[in-house]
2 protein chains.
Amino acid sequence: MENYVGLEDLEAIALGAPILGTGGGGDPYIGKLIARQAISDGKQVPLIGLKEVPDRALVIASAMMGAPTVFIEKVPSGDEAVAAFLALQEFLGEKAYATYSIEAGGLNSTIPIGTAAKLGIPLIDADGMGRAFPEIQMVSPTLYDIPATPMALADEKGDVVILQHTITNRWTERLARSITIDMGGSAMIALYPMTGKQAKKALIAGSISFARRIGDRLLRAWKMREDPLEAILAETKGYLAFRGKVVDLERRTERGFAQGTLKLAGIDEDKDKELVVHFQNENLIAELDGQVLVSVPDLIAMVDTETSVPITTEALRYGLRVAVLAIPCHSKWRSAKGLEVVGPGYFGYHSPYRPVERILR
Amino acid sequence: MENYVGLEDLEAIALGAPILGTGGGGDPYIGKLIARQAISDGKQVPLIGLKEVPDRALVIASAMMGAPTVFIEKVPSGDEAVAAFLALQEFLGEKAYATYSIEAGGLNSTIPIGTAAKLGIPLIDADGMGRAFPEIQMVSPTLYDIPATPMALADEKGDVVILQHTITNRWTERLARSITIDMGGSAMIALYPMTGKQAKKALIAGSISFARRIGDRLLRAWKMREDPLEAILAETKGYLAFRGKVVDLERRTERGFAQGTLKLAGIDEDKDKELVVHFQNENLIAELDGQVLVSVPDLIAMVDTETSVPITTEALRYGLRVAVLAIPCHSKWRSAKGLEVVGPGYFGYHSPYRPVERILR
């Protein structure tokens, strides 16, 4: 990745990030367009490691929030992301030293690249999840008691809202979700302002280069006619959990999220088996013939069986043949506090979490 | 009223304001307690006329927002009103010269008195409606294109939200209503920051002393054993529209408002007639035997037939005997733009507005 994010890196990141996006995060194509526009304006984006950020520097995440099903109809512009970022900077009375991704996956992997390019600041090679999760409080900074506020929200009409202070990050999620729904189902946001010192402790290092490595490996596999699925599994230390055909798909945009259930009828080695996947923007839990196979915080990603191109939830459709991958999550999420924030229990599933590597081999 | 609001004035204002509150605004008793607490701490509140406000001075409204049905169970403290006010001052980077009431009626007549006392600033003898209305954009400043934003919301838990900019005041209402619902159905707010020059043009002068005069006249009537109803009608230039007994009451807290319908069976001269009143926090429209008798923006107020004590919507109950008063609204509301913002059409009633003095005599 060298020390800059260029147009080629963008291709690889946009291809690899959806694996970490586990079905959510929206079509990365839109985020790529935003970032490509900003980069092709001649502005290079320096990519810096977490360790390079000065302890006292201010860093702010640039992101979008809402149901991915909405993004398709209401394509965001990078300008609103910058508007939210500038509003928060002004509120804090301080310019940010750098920006970062709140989550690895989909749009939110590439939106900060556009923001960094437009503002001429570096992007930090890190994120707040090591994957994608649907709610604002579901980030590693929550495990270190770092508040999401002050947070800014902006929409395409020119509305700007500042959440100055809230009692918990989960409460920030609730207020911001209502505002996002009012704003038409999606909003551009700037949040989790913190110092470099906090970032080093709380963020997950290397997420941008990890997404890029996955994308690069996939591109190389296609070029060299190697098995692309094997390439992804090798890079992510993941498992092939299931191969199946979409036979049922129930999807609704509710409470500001794309929620639903997917039913896959097994093919090949999984013939006569059935996998059911529940999602809330991201894939949450996969049940094989009624038994939990993989669950949050571990990653459940899907790729097309033919091409191994990652498939986001809103691209699912009847008859599609997919390979379901299960990937171990970052160790931060496996602590008691981590599981409290993003474990199956939070989402209403009563089965205890079992690390994927103990279930699949 | 002299130049100060003292404890006695508070009694009169709390008694008179609910007439202008037209059923909404919540039990003024709570607002009186907040203001009384602040005043009895020894802090006098200077009351100044609109004309006395310097043109360049910053003035900010202090208020609460939400369904009055919620206030009963979640009694607000004056501290949250001050928290919202201070947050907005800090956001604007300027201290307010004075505060004012966003509406005449109920809690919002007395809450600014408490805020003024706690902050040691004057209260302006004016308001933004000349009565009470349920929504944020329904103020005379909207008729002069003065924005409600920047606006601050605070709750009892310590959450603070700033609406920095919105495209219209009606949009501010929508965003603020969602936040208020999340905050538990009520929130303390600071909004419509404006200059003295704007205030002179856009606010409705004399509302605080008007509420006090109504209260004073009522207190005197009780003391002198005069007819209290006649006293109110004389002071407000109002009409006795109906006397009846509550025979049906349908009430629900929906979309953050106390909404519903009241049915009165006529008594005395109105025997065998029926009056139906629809309300959304405030009384909106009164239909006599199926025909519109009075509607917004004119005032529909109710008092107990025995005592002439004003009755707010949430105090209505089966069997209560009430006199329904109809009072002409401020002339600002009778313009085309005024009727667009608060006329019957906005609330979904198709009958054209007819000034009350042309219907009743």
# chains A, B, ... in the order shown; residues from 1 in each chain; ligands from 1
$ closest_atom_pairs --of "chain A" --to "chain B" --cutoff "6 Å" --atoms "only C-alpha atoms" --output "Markdown table"
| residue | atom | partner | partner_atom | distance |
| --- | --- | --- | --- | --- |
| A:Asp159 | CA | B:Thr166 | CA | 4.3 |
| A:Val160 | CA | B:His165 | CA | 5.1 |
| A:Val161 | CA | B:Leu163 | CA | 4.4 |
| A:Ile162 | CA | B:Ile162 | CA | 4.8 |
| A:Leu163 | CA | B:Val161 | CA | 4.4 |
| A:Gln164 | CA | B:Val161 | CA | 5.3 |
| A:His165 | CA | B:Val160 | CA | 5.1 |
| A:Thr166 | CA | B:Asp159 | CA | 4.2 |
$ residues_around --residues "Pro147 of chain A" --least-positions-apart "2" --cutoff "7 Å" --atoms "only C-alpha atoms" --output "VMD selection string"
chain A and resid 142 145 149 169 192
$ residues_around --residues "segment 97-100 of chain A" --least-positions-apart "3" --cutoff "8 Å" --atoms "only C-alpha atoms" --output "ChimeraX atom specification"
/A:57-62,112,115-116,121-127
$ write_last_selection --atoms "C-alpha atoms" --output "PDB file, in the first residue's frame"
ATOM      1  CA  ALA A  57      -3.591  14.855  17.709  1.00  0.00           C
ATOM      2  CA  LEU A  58      -7.351  14.994  17.119  1.00  0.00           C
ATOM      3  CA  VAL A  59      -8.738  12.243  14.890  1.00  0.00           C
ATOM      4  CA  ILE A  60     -12.360  11.966  13.704  1.00  0.00           C
ATOM      5  CA  ALA A  61     -14.194   9.145  11.906  1.00  0.00           C
ATOM      6  CA  SER A  62     -15.999   9.999   8.661  1.00  0.00           C
ATOM      7  CA  PRO A 112     -13.139   8.374   4.686  1.00  0.00           C
ATOM      8  CA  THR A 115     -13.082  12.944   3.024  1.00  0.00           C
ATOM      9  CA  ALA A 116      -9.315  12.724   3.553  1.00  0.00           C
ATOM     10  CA  ILE A 121      -5.530  15.143   5.636  1.00  0.00           C
ATOM     11  CA  PRO A 122      -4.182  11.592   6.082  1.00  0.00           C
ATOM     12  CA  LEU A 123      -6.245   8.444   6.494  1.00  0.00           C
ATOM     13  CA  ILE A 124      -5.320   6.188   9.398  1.00  0.00           C
ATOM     14  CA  ASP A 125      -4.836   2.506   8.562  1.00  0.00           C
ATOM     15  CA  ALA A 126      -7.282   1.347  11.236  1.00  0.00           C
ATOM     16  CA  ASP A 127     -10.989   1.136  11.984  1.00  0.00           C
TER      17      ASP A 127
END
$ atom_distance --atom1 "atom CA of Ile204 of chain A" --atom2 "atom CA of Tyr349 of chain A"
26.0 Å
$ calpha_fit_and_write --fixed "chain A" --moving "chain B" --output "compact mmCIF listing (two decimals) with C-alpha atoms, in the first residue's frame"
# COMPACT_ATOMS: atom_id res chain seq x y z
CA MET B 1 0.01 -0.01 0.07
CA GLU B 2 3.09 2.24 0.34
CA ASN B 3 2.29 5.50 2.04
CA TYR B 4 -0.52 6.68 -0.15
CA VAL B 5 -3.93 5.50 -1.26
CA GLY B 6 -4.10 5.76 -5.04
CA LEU B 7 -6.67 4.77 -7.64
CA GLU B 8 -5.43 1.16 -7.80
CA ASP B 9 -5.60 0.76 -4.05
CA LEU B 10 -9.17 1.98 -4.25
CA GLU B 11 -10.09 -0.91 -6.57
CA ALA B 12 -8.59 -3.44 -4.20
CA ILE B 13 -10.14 -1.88 -1.08
CA ALA B 14 -13.57 -1.68 -2.69
CA LEU B 15 -13.28 -5.36 -3.62
CA GLY B 16 -11.92 -6.64 -0.30
CA ALA B 17 -13.89 -4.49 2.14
CA PRO B 18 -17.27 -6.18 1.54
CA ILE B 19 -15.84 -9.44 2.88
CA LEU B 20 -15.26 -7.62 6.17
CA GLY B 21 -18.62 -5.90 5.64
CA THR B 22 -20.42 -9.25 6.16
CA GLY B 23 -23.33 -8.32 3.93
CA GLY B 24 -23.77 -4.79 5.23
CA GLY B 25 -22.22 -1.41 4.60
CA GLY B 26 -23.85 -0.87 1.24
CA ASP B 27 -22.56 -1.30 -2.27
CA PRO B 28 -18.89 -0.30 -2.12
CA TYR B 29 -19.16 0.82 -5.72
CA ILE B 30 -20.78 4.08 -4.58
CA GLY B 31 -18.08 4.67 -1.97
CA LYS B 32 -15.45 3.94 -4.59
CA LEU B 33 -16.98 6.54 -6.90
CA ILE B 34 -16.90 9.15 -4.14
CA ALA B 35 -13.27 8.37 -3.31
CA ARG B 36 -12.23 8.06 -6.95
CA GLN B 37 -13.72 11.44 -7.74
CA ALA B 38 -11.78 13.00 -4.87
CA ILE B 39 -8.51 11.23 -5.70
CA SER B 40 -8.68 11.87 -9.42
CA ASP B 41 -8.97 15.56 -8.62
CA GLY B 42 -5.24 15.12 -8.10
CA LYS B 43 -5.30 14.94 -4.33
CA GLN B 44 -3.26 12.06 -2.93
CA VAL B 45 -4.31 10.54 0.36
CA PRO B 46 -1.45 9.72 2.74
CA LEU B 47 -2.09 6.47 4.61
CA ILE B 48 -0.52 6.46 8.05
CA GLY B 49 -0.16 3.74 10.65
CA LEU B 50 -1.83 4.13 14.05
CA LYS B 51 1.62 4.43 15.63
CA GLU B 52 2.44 7.45 13.50
CA VAL B 53 -0.46 9.50 14.93
CA PRO B 54 0.82 11.96 17.57
CA ASP B 55 -0.65 11.31 21.02
CA ARG B 56 -2.26 14.72 21.27
CA ALA B 57 -3.58 14.86 17.71
CA LEU B 58 -7.35 15.00 17.11
CA VAL B 59 -8.74 12.25 14.89
CA ILE B 60 -12.36 11.97 13.70
CA ALA B 61 -14.19 9.14 11.91
CA SER B 62 -15.99 9.99 8.66
CA ALA B 63 -18.86 7.70 7.75
CA MET B 64 -22.41 7.26 6.64
CA MET B 65 -25.27 5.78 8.58
CA GLY B 66 -28.57 4.25 7.51
CA ALA B 67 -30.09 1.27 5.77
CA PRO B 68 -28.04 0.06 2.78
CA THR B 69 -31.31 -0.55 0.97
CA VAL B 70 -31.78 3.24 1.02
CA PHE B 71 -28.33 4.07 -0.37
CA ILE B 72 -29.23 2.50 -3.70
CA GLU B 73 -32.03 4.97 -4.26
CA LYS B 74 -30.49 7.95 -2.51
CA VAL B 75 -26.89 7.97 -3.62
CA PRO B 76 -24.81 9.99 -1.18
CA SER B 77 -22.30 12.61 -2.27
CA GLY B 78 -18.92 13.02 -0.66
CA ASP B 79 -19.73 16.66 0.00
CA GLU B 80 -22.20 15.79 2.74
CA ALA B 81 -19.56 13.65 4.47
CA VAL B 82 -17.26 16.67 4.38
CA ALA B 83 -20.09 18.93 5.62
CA ALA B 84 -20.61 16.69 8.67
CA PHE B 85 -16.86 16.55 9.27
CA LEU B 86 -16.45 20.32 9.05
CA ALA B 87 -19.44 20.91 11.34
CA LEU B 88 -17.89 18.69 14.00
CA GLN B 89 -14.47 20.33 13.62
CA GLU B 90 -16.07 23.73 14.02
CA PHE B 91 -18.04 22.57 17.05
CA LEU B 92 -14.86 21.23 18.65
CA GLY B 93 -12.96 24.37 17.69
CA GLU B 94 -10.08 22.29 16.36
CA LYS B 95 -9.01 20.82 13.03
CA ALA B 96 -8.52 17.09 12.77
CA TYR B 97 -5.03 15.74 12.18
CA ALA B 98 -6.44 12.70 10.34
CA THR B 99 -9.60 10.75 9.65
CA TYR B 100 -10.37 7.04 9.95
CA SER B 101 -12.99 4.41 9.10
CA ILE B 102 -15.56 3.64 11.75
CA GLU B 103 -15.97 0.17 10.23
CA ALA B 104 -14.25 -2.02 7.69
CA GLY B 105 -16.70 -2.94 5.02
CA GLY B 106 -18.69 -1.45 2.20
CA LEU B 107 -19.12 2.28 1.85
CA ASN B 108 -17.58 3.12 5.17
CA SER B 109 -14.22 1.80 4.05
CA THR B 110 -14.02 4.21 1.16
CA ILE B 111 -15.95 7.28 2.33
CA PRO B 112 -13.13 8.38 4.69
CA ILE B 113 -10.72 8.18 1.73
CA GLY B 114 -12.83 10.76 -0.08
CA THR B 115 -13.07 12.94 3.03
CA ALA B 116 -9.31 12.73 3.56
CA ALA B 117 -8.66 13.65 -0.08
CA LYS B 118 -11.06 16.60 -0.03
CA LEU B 119 -9.67 17.99 3.22
CA GLY B 120 -6.02 17.18 2.46
CA ILE B 121 -5.52 15.15 5.63
CA PRO B 122 -4.18 11.60 6.08
CA LEU B 123 -6.23 8.45 6.49
CA ILE B 124 -5.29 6.19 9.40
CA ASP B 125 -4.81 2.51 8.56
CA ALA B 126 -7.26 1.35 11.22
CA ASP B 127 -10.98 1.14 11.98
CA GLY B 128 -13.36 0.82 14.90
CA MET B 129 -14.66 -2.73 14.31
CA GLY B 130 -12.28 -4.83 12.19
CA ARG B 131 -15.48 -5.69 10.31
CA ALA B 132 -18.92 -4.04 9.96
CA PHE B 133 -21.67 -3.92 12.59
CA PRO B 134 -25.04 -2.18 12.30
CA GLU B 135 -25.08 0.15 15.31
CA ILE B 136 -23.01 3.16 16.41
CA GLN B 137 -22.03 1.82 19.83
CA MET B 138 -20.68 -1.40 18.30
CA VAL B 139 -17.10 -0.17 18.02
CA SER B 140 -13.95 -0.99 19.91
CA PRO B 141 -13.79 2.56 21.40
CA THR B 142 -16.97 1.68 23.34
CA LEU B 143 -14.95 -1.05 25.08
CA TYR B 144 -12.58 1.71 26.26
CA ASP B 145 -15.39 4.05 27.34
CA ILE B 146 -14.67 6.54 24.58
CA PRO B 147 -17.85 8.48 23.69
CA ALA B 148 -19.25 8.68 20.15
CA THR B 149 -20.12 12.34 20.89
CA PRO B 150 -19.77 15.10 19.99
CA MET B 151 -21.11 13.77 16.72
CA ALA B 152 -22.38 15.59 13.62
CA LEU B 153 -25.01 14.43 11.11
CA ALA B 154 -25.62 16.07 7.73
CA ASP B 155 -27.99 15.34 4.88
CA GLU B 156 -28.14 16.25 1.21
CA LYS B 157 -30.65 19.03 1.85
CA GLY B 158 -28.31 20.98 4.11
CA ASP B 159 -29.58 19.93 7.54
CA VAL B 160 -26.88 19.66 10.20
CA VAL B 161 -27.40 18.24 13.68
CA ILE B 162 -24.86 17.99 16.50
CA LEU B 163 -25.26 15.41 19.25
CA GLN B 164 -23.27 17.29 21.86
CA HIS B 165 -23.42 14.82 24.71
CA THR B 166 -25.32 11.64 25.46
CA ILE B 167 -25.23 9.33 28.43
CA THR B 168 -24.01 6.25 26.53
CA ASN B 169 -22.93 5.34 23.01
CA ARG B 170 -26.02 3.16 22.74
CA TRP B 171 -28.09 6.25 23.46
CA THR B 172 -26.18 8.11 20.74
CA GLU B 173 -27.22 5.29 18.41
CA ARG B 174 -30.87 5.73 19.34
CA LEU B 175 -30.94 9.50 18.86
CA ALA B 176 -28.82 9.40 15.70
CA ARG B 177 -30.98 6.61 14.22
CA SER B 178 -34.17 8.67 14.66
CA ILE B 179 -32.50 11.67 13.03
CA THR B 180 -31.20 9.46 10.19
CA ILE B 181 -34.71 8.10 9.59
CA ASP B 182 -36.04 11.68 9.45
CA MET B 183 -33.22 12.61 7.09
CA GLY B 184 -34.64 10.07 4.64
CA GLY B 185 -33.05 6.82 5.84
CA SER B 186 -29.42 7.78 5.46
CA ALA B 187 -27.11 10.51 6.72
CA MET B 188 -23.44 11.39 6.54
CA ILE B 189 -21.76 11.52 9.90
CA ALA B 190 -18.58 12.55 11.74
CA LEU B 191 -18.10 10.98 15.16
CA TYR B 192 -15.85 9.41 17.77
CA PRO B 193 -13.49 12.36 17.95
CA MET B 194 -10.50 11.21 20.02
CA THR B 195 -6.83 11.81 20.62
CA GLY B 196 -4.05 9.85 18.95
CA LYS B 197 -3.32 8.27 22.30
CA GLN B 198 -6.90 7.02 22.62
CA ALA B 199 -6.91 5.83 19.01
CA LYS B 200 -3.77 3.71 19.51
CA LYS B 201 -5.43 1.93 22.40
CA ALA B 202 -8.97 1.66 21.10
CA LEU B 203 -8.93 1.29 17.32
CA ILE B 204 -8.21 -1.88 15.37
CA ALA B 205 -4.93 -1.46 13.48
CA GLY B 206 -4.34 -2.31 9.85
CA SER B 207 -7.94 -2.63 8.64
CA ILE B 208 -7.49 -0.60 5.45
CA SER B 209 -4.44 -2.59 4.34
CA PHE B 210 -6.24 -5.80 5.35
CA ALA B 211 -9.18 -4.97 3.06
CA ARG B 212 -6.73 -4.11 0.32
CA ARG B 213 -4.81 -7.38 0.73
CA ILE B 214 -8.05 -9.36 0.39
CA GLY B 215 -8.93 -7.40 -2.74
CA ASP B 216 -5.43 -7.75 -4.19
CA ARG B 217 -5.38 -11.47 -3.60
CA LEU B 218 -8.76 -11.84 -5.28
CA LEU B 219 -7.66 -9.78 -8.28
CA ARG B 220 -4.48 -11.84 -8.58
CA ALA B 221 -6.40 -15.13 -8.32
CA TRP B 222 -8.66 -14.08 -11.20
CA LYS B 223 -5.69 -13.02 -13.26
CA MET B 224 -3.63 -16.14 -12.53
CA ARG B 225 -6.66 -18.43 -12.82
CA GLU B 226 -6.18 -19.63 -9.26
CA ASP B 227 -9.12 -20.52 -7.01
CA PRO B 228 -10.41 -17.11 -5.80
CA LEU B 229 -12.32 -18.65 -2.89
CA GLU B 230 -9.15 -20.31 -1.60
CA ALA B 231 -7.38 -16.98 -1.93
CA ILE B 232 -9.94 -15.21 0.26
CA LEU B 233 -9.94 -17.98 2.86
CA ALA B 234 -6.14 -17.98 3.04
CA GLU B 235 -5.93 -14.21 3.45
CA THR B 236 -8.69 -14.00 6.06
CA LYS B 237 -7.96 -17.29 7.88
CA GLY B 238 -11.58 -18.06 7.17
CA TYR B 239 -13.65 -21.23 6.66
CA LEU B 240 -16.01 -22.28 3.91
CA ALA B 241 -19.15 -22.78 5.99
CA PHE B 242 -21.77 -23.60 3.35
CA ARG B 243 -22.64 -23.60 -0.32
CA GLY B 244 -26.22 -23.03 -1.26
CA LYS B 245 -28.86 -21.50 -3.47
CA VAL B 246 -31.15 -18.69 -2.31
CA VAL B 247 -34.61 -20.27 -1.95
CA ASP B 248 -36.26 -17.74 0.33
CA LEU B 249 -35.54 -14.13 1.19
CA GLU B 250 -37.56 -12.00 3.54
CA ARG B 251 -36.32 -8.42 3.72
CA ARG B 252 -37.74 -5.25 5.23
CA THR B 253 -36.44 -1.77 6.03
CA GLU B 254 -37.47 -1.36 9.64
CA ARG B 255 -36.35 0.98 12.44
CA GLY B 256 -33.86 2.41 9.97
CA PHE B 257 -32.20 -0.93 9.22
CA ALA B 258 -32.34 -3.46 6.40
CA GLN B 259 -33.56 -6.48 8.35
CA GLY B 260 -34.52 -9.95 7.27
CA THR B 261 -33.86 -13.63 6.85
CA LEU B 262 -32.25 -15.58 4.04
CA LYS B 263 -32.78 -19.29 3.41
CA LEU B 264 -30.23 -21.28 1.41
CA ALA B 265 -30.80 -24.81 0.10
CA GLY B 266 -27.47 -26.68 0.08
CA ILE B 267 -25.70 -27.57 -3.14
CA ASP B 268 -22.63 -29.74 -3.84
CA GLU B 269 -21.31 -31.14 -0.53
CA ASP B 270 -24.11 -29.40 1.35
CA LYS B 271 -26.92 -30.99 -0.65
CA ASP B 272 -30.06 -31.71 1.42
CA LYS B 273 -28.95 -29.28 4.13
CA GLU B 274 -30.46 -25.86 4.83
CA LEU B 275 -28.76 -22.71 6.08
CA VAL B 276 -30.79 -19.81 7.48
CA VAL B 277 -29.06 -16.43 7.89
CA HIS B 278 -30.57 -13.58 9.91
CA PHE B 279 -29.34 -10.07 9.17
CA GLN B 280 -29.67 -6.49 10.41
CA ASN B 281 -27.73 -4.62 7.73
CA GLU B 282 -24.92 -7.14 8.50
CA ASN B 283 -25.26 -10.95 8.69
CA LEU B 284 -25.72 -11.78 12.35
CA ILE B 285 -26.24 -15.51 12.74
CA ALA B 286 -26.24 -18.59 10.50
CA GLU B 287 -28.22 -21.68 11.51
CA LEU B 288 -27.51 -25.04 9.86
CA ASP B 289 -30.58 -27.28 9.97
CA GLY B 290 -31.80 -25.35 13.02
CA GLN B 291 -28.51 -25.32 14.93
CA VAL B 292 -26.32 -22.22 15.25
CA LEU B 293 -23.30 -22.63 12.99
CA VAL B 294 -21.68 -19.18 13.16
CA SER B 295 -22.71 -15.99 14.94
CA VAL B 296 -21.60 -12.45 15.69
CA PRO B 297 -19.02 -11.23 16.50
CA ASP B 298 -17.44 -13.69 14.02
CA LEU B 299 -17.85 -12.70 10.38
CA ILE B 300 -20.40 -14.28 8.04
CA ALA B 301 -19.63 -13.22 4.47
CA MET B 302 -21.09 -14.37 1.16
CA VAL B 303 -19.54 -14.58 -2.28
CA ASP B 304 -20.88 -15.67 -5.64
CA THR B 305 -19.92 -19.34 -6.18
CA GLU B 306 -18.80 -18.69 -9.77
CA THR B 307 -16.72 -15.54 -9.38
CA SER B 308 -16.16 -15.22 -5.62
CA VAL B 309 -17.29 -11.59 -5.87
CA PRO B 310 -18.57 -10.53 -2.42
CA ILE B 311 -22.35 -10.11 -2.19
CA THR B 312 -23.98 -7.51 0.04
CA THR B 313 -27.39 -8.16 1.58
CA GLU B 314 -29.31 -5.88 -0.76
CA ALA B 315 -27.85 -7.72 -3.79
CA LEU B 316 -29.26 -11.09 -2.66
CA ARG B 317 -31.97 -12.51 -4.90
CA TYR B 318 -33.82 -15.75 -5.48
CA GLY B 319 -31.79 -18.44 -7.20
CA LEU B 320 -28.37 -16.90 -6.54
CA ARG B 321 -25.70 -19.49 -5.68
CA VAL B 322 -23.46 -18.38 -2.87
CA ALA B 323 -20.58 -19.63 -0.76
CA VAL B 324 -20.90 -18.65 2.90
CA LEU B 325 -17.59 -17.85 4.59
CA ALA B 326 -17.01 -17.77 8.34
CA ILE B 327 -14.07 -15.65 9.54
CA PRO B 328 -12.78 -15.22 13.10
CA CYS B 329 -13.36 -11.72 14.50
CA HIS B 330 -10.75 -9.53 16.19
CA SER B 331 -9.87 -10.75 19.67
CA LYS B 332 -11.18 -7.50 21.26
CA TRP B 333 -14.72 -8.73 20.55
CA ARG B 334 -14.22 -12.02 22.36
CA SER B 335 -13.83 -10.40 25.77
CA ALA B 336 -16.82 -10.38 28.14
CA LYS B 337 -17.38 -6.67 27.46
CA GLY B 338 -16.99 -7.21 23.72
CA LEU B 339 -19.59 -9.97 23.68
CA GLU B 340 -21.95 -7.81 25.74
CA VAL B 341 -21.80 -5.12 23.04
CA VAL B 342 -21.92 -7.27 19.88
CA GLY B 343 -22.51 -10.89 20.94
CA PRO B 344 -25.57 -12.91 19.86
CA GLY B 345 -27.35 -12.00 23.12
CA TYR B 346 -27.45 -8.29 22.25
CA PHE B 347 -29.30 -9.11 19.04
CA GLY B 348 -31.82 -11.31 20.85
CA TYR B 349 -30.34 -14.75 20.14
CA HIS B 350 -30.06 -16.90 23.21
CA SER B 351 -27.39 -19.35 22.10
CA PRO B 352 -24.01 -18.64 23.68
CA TYR B 353 -21.20 -17.48 21.41
CA ARG B 354 -18.74 -20.13 20.25
CA PRO B 355 -15.65 -19.04 18.32
CA VAL B 356 -15.88 -20.18 14.72
CA GLU B 357 -12.56 -22.02 14.77
CA ARG B 358 -13.93 -24.37 17.42
CA ILE B 359 -16.96 -25.23 15.29
CA LEU B 360 -15.55 -25.38 11.77
CA ARG B 361 -12.36 -27.03 10.66
